[in-house]
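Since the structure comes first, as structure tokens, the remarks are kept for the end.
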Amino acid sequence: MPATSSNGRHFDVVIIGAGAAGMMCAATAGQRGRSVLLIDHATRLAEKIRISGGGRCNFTNRRVGPEHYLSLNPHFARSALSRYTARDFIDLVQRHGIDFHERDWGQLFCDDSAQQIIEMLRAECAEGGVEWAMPASVQQIRHRPSVGDPADTHERFAIETDRGHFGASSLVIATGGLAIPKIGATPFGYRIAEQFGIPVVAPRPALVPLTLPPETLARLAPLAGISLEVEAHCRGPVFREAALVTHRGLSGPAILQVSSYWQAQAYHEEEWDPVSLDLLPGVDAEGWLLEHAHERTLLANLLAERLPRRFAHAWCELHGWTKPINQFRHAELRAIAASLADWRLVPAGTQGYAKAEVTLGGVDTRALSSKTMEARAVPGLHFIGEVMDVTGHLGGYNFQWAWSSGVACGLAA
Ligand code: FDA
């Protein structure tokens with residue numbers, strides 16, 4: 001574990017939160033010659049990186065671009081993402097000799113273990129002479145705005161911890177979001193934003209399984225445990241990935257992706273759209289059903305040619321479509337085709353932060369500089385990573401945001 005820095009010292013940059021964004025920022029600022037202190041309350045370093053990507057860390061994505069992020073300020077992420085790209089992070093990974101592989105949709109994972117990414121970041125911090133206070137809990141932050149000469153950045157912030165107090169010219173908040181509280185997620189960053197009068201977009205769990213109302217669940221019970229490829233959407237983009245019916249509702253990558261958009265509707269005072277699933281992606285369902293309209297086979301048996309058999313039968317039962325296909329009128333087949341292409345489910349909610357991968361919402365980026373991540377109204381105070389209202393799709397996009405925002409801040413703080 002990193003050593004604890006000595007009490008009472010002044011640093012150019014103090015970073016609270018030694019996760020993905022905090023370490024990236026620390027290494028960048030340290031390697032520029034800034035004196036840097038990283039503070040974290042956890043006993044184990046970067047737990048979220050360790051458990052990410054099933055232990056292999058999906059550390060970035062070859063397709064990174066601002067369209068893969070949700071925010072009330074949708075263009076905010078563009079600048080940092082274009083200045084520190086997925087290619088830059090891949091180069092860093094390669095310099096450290098970490099082998100990796102590509103999965104669907106441009107997702108990059110370590111061949112061996114997420115621990116390699118943690119060790120890489122730790123080594124980069126060491127190269128920048130970064131000091132550590134860990135585990136340390138922050139009790140209070142006091143602010144001394146510069147009076148007169150704005151170039152006077154000395155001791156703008158006093159940070160009181162249970163390991164003593166530290167002074168900082170720049171203070172970086174990198175404490176992440178609320179997902180998985182049992183490994184150390186806290187609302188600390190939002191509290192600091194509030195302390196300094198910076199708005200926070202109400203946080204909500206995202207990339208999270210959706211729950212369904214009891215009456216829908218009772219009807220879907222025979223489908224539980226079945227996974228199938230779908231195209232899912234809810235106002236936002238269409239995601240073609242697996243969906244899984246569970247005993248509590250819906251899960252699987254397609255559902256996690258769409259959950260962020262379903263949740264984002266909370267920010268607009270409109271009616272909430274249901275989640276829509278195309279059960280036969282890429283298939284002209286109407287044409288296909290009409291082509292077989294003369295056959296005496298059960299509709300479920302025909303559907304089972306393209307859907308998991310158990311799903312096809314349970315889905316037909318659910319709708320009362322249990323006849324041979326030649327007993328349906330063409331108008332009925334058209335209605336069935338429409339249901340296959342746009343099966344609408346109204347979620348009751350989500351499984352919450354305990355099962356979420358990330359937090360939607362966070363520190364309102366409209367109050368921050370997209371170049372430096374610095375609060376416009378509080379010189380020297382920066383927010384980076386997931387604590388901000390920038391939420392990536394599933395697939396390595398959230399780590400890339402941590403790296404890009406961390407570097408943008410580390411180059412400026
Ligand atoms: P991060 O959460 O990494 O770090 C915050 C740090 O702040 C922690 O070290 C914490 O201990 C510390 N902290 C919190 N409160 C504090 C306080 N009060 N005082 C001091 N320290 C405090 N993304 C991706 O791109 N690819 C993937 O494969 C995955 N996989 C994945 C799996 C699971 C199960 C989860 C929960 C999440 C993912 N993610 C992911 C998301 C990704 O882990 C996440 O977006 C980044 O870790 C965010 O980086 P940050 O540095 O902002 O926060």
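Residue numbering restarts at 1 in every chain; chains get A, B, ... in the order shown in the structure tokens, and ligands count up from 1 in that same order.
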Could you produce a table of the residues of range 195-300 of chain A lying within 6 Å of range 363-372 of chain A, with the nearest pair of atoms per residue and their separation in Å rounded to one decimal, using only C-alpha atoms, ordered by chain and increasing residue number, as CSV?
residue,atom,partner,partner_atom,distance
A:Pro199,CA,A:Asp364,CA,5.5
A:Val200,CA,A:Val363,CA,4.3
A:Val201,CA,A:Asp364,CA,5.6
Write the selection just made, keeping C-alpha atoms, as a PDB file, in the first residue's frame?
ATOM      1  CA  PRO A 199     -25.034  22.416  -9.116  1.00  0.00           C
ATOM      2  CA  VAL A 200     -25.409  18.649  -9.189  1.00  0.00           C
ATOM      3  CA  VAL A 201     -27.666  16.806 -11.644  1.00  0.00           C
TER       4      VAL A 201
END
List all protein, DNA and RNA residues that have any atom at most 6 Å from ligand 1, counting only C-alpha atoms and all ligand atoms, and write the list as a count of residues only.
41
Counting only C-alpha atoms, the option among A:Ile117, A:Ala254, A:Ile384, A:Val14 closest to Pro209 in chain A:
A:Ala254
Residues within 7 Å of Gln257 in chain A, only C-alpha atoms, excluding chain neighbours under 5 positions, as a PDB file with C-alpha atoms, in the first residue's frame:
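So part-v8.pdb came out as:
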ATOM      1  CA  LEU A 207     -26.124   0.514 -16.638  1.00  0.00           C
ATOM      2  CA  HIS A 393     -22.254   3.391 -22.581  1.00  0.00           C
ATOM      3  CA  LEU A 394     -21.237  -0.095 -21.533  1.00  0.00           C
TER       4      LEU A 394
END
Would you mind telling me which residue in A:Gly177, A:Pro308, A:Gly30, A:Gly97 lies nearest to Tyr353 in chain A when using only C-alpha atoms?
A:Gly177
Find, counting only C-alpha atoms, the residue in A:Leu217, A:Ala224, A:Leu38, A:Leu72 that gets nearest to Asp12 in chain A.
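Checking each candidate against Asp12 in chain A, we get A:Leu38 as the closest.
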Using only C-alpha atoms, which residue out of A:Val208, A:Gln107, A:Leu299, A:Ala232 lies closest to Ala354 in chain A?
A:Val208
From a DSSP calculation on the backbone, collect every residue of range 196-364 of chain A in strand (DSSP E or B) and output the set as a VMD selection string.
chain A and resid 200 to 206 210 to 211 227 to 233 239 to 245 249 to 251 275 to 278 298 324 343 to 345 349 to 350 358 to 363
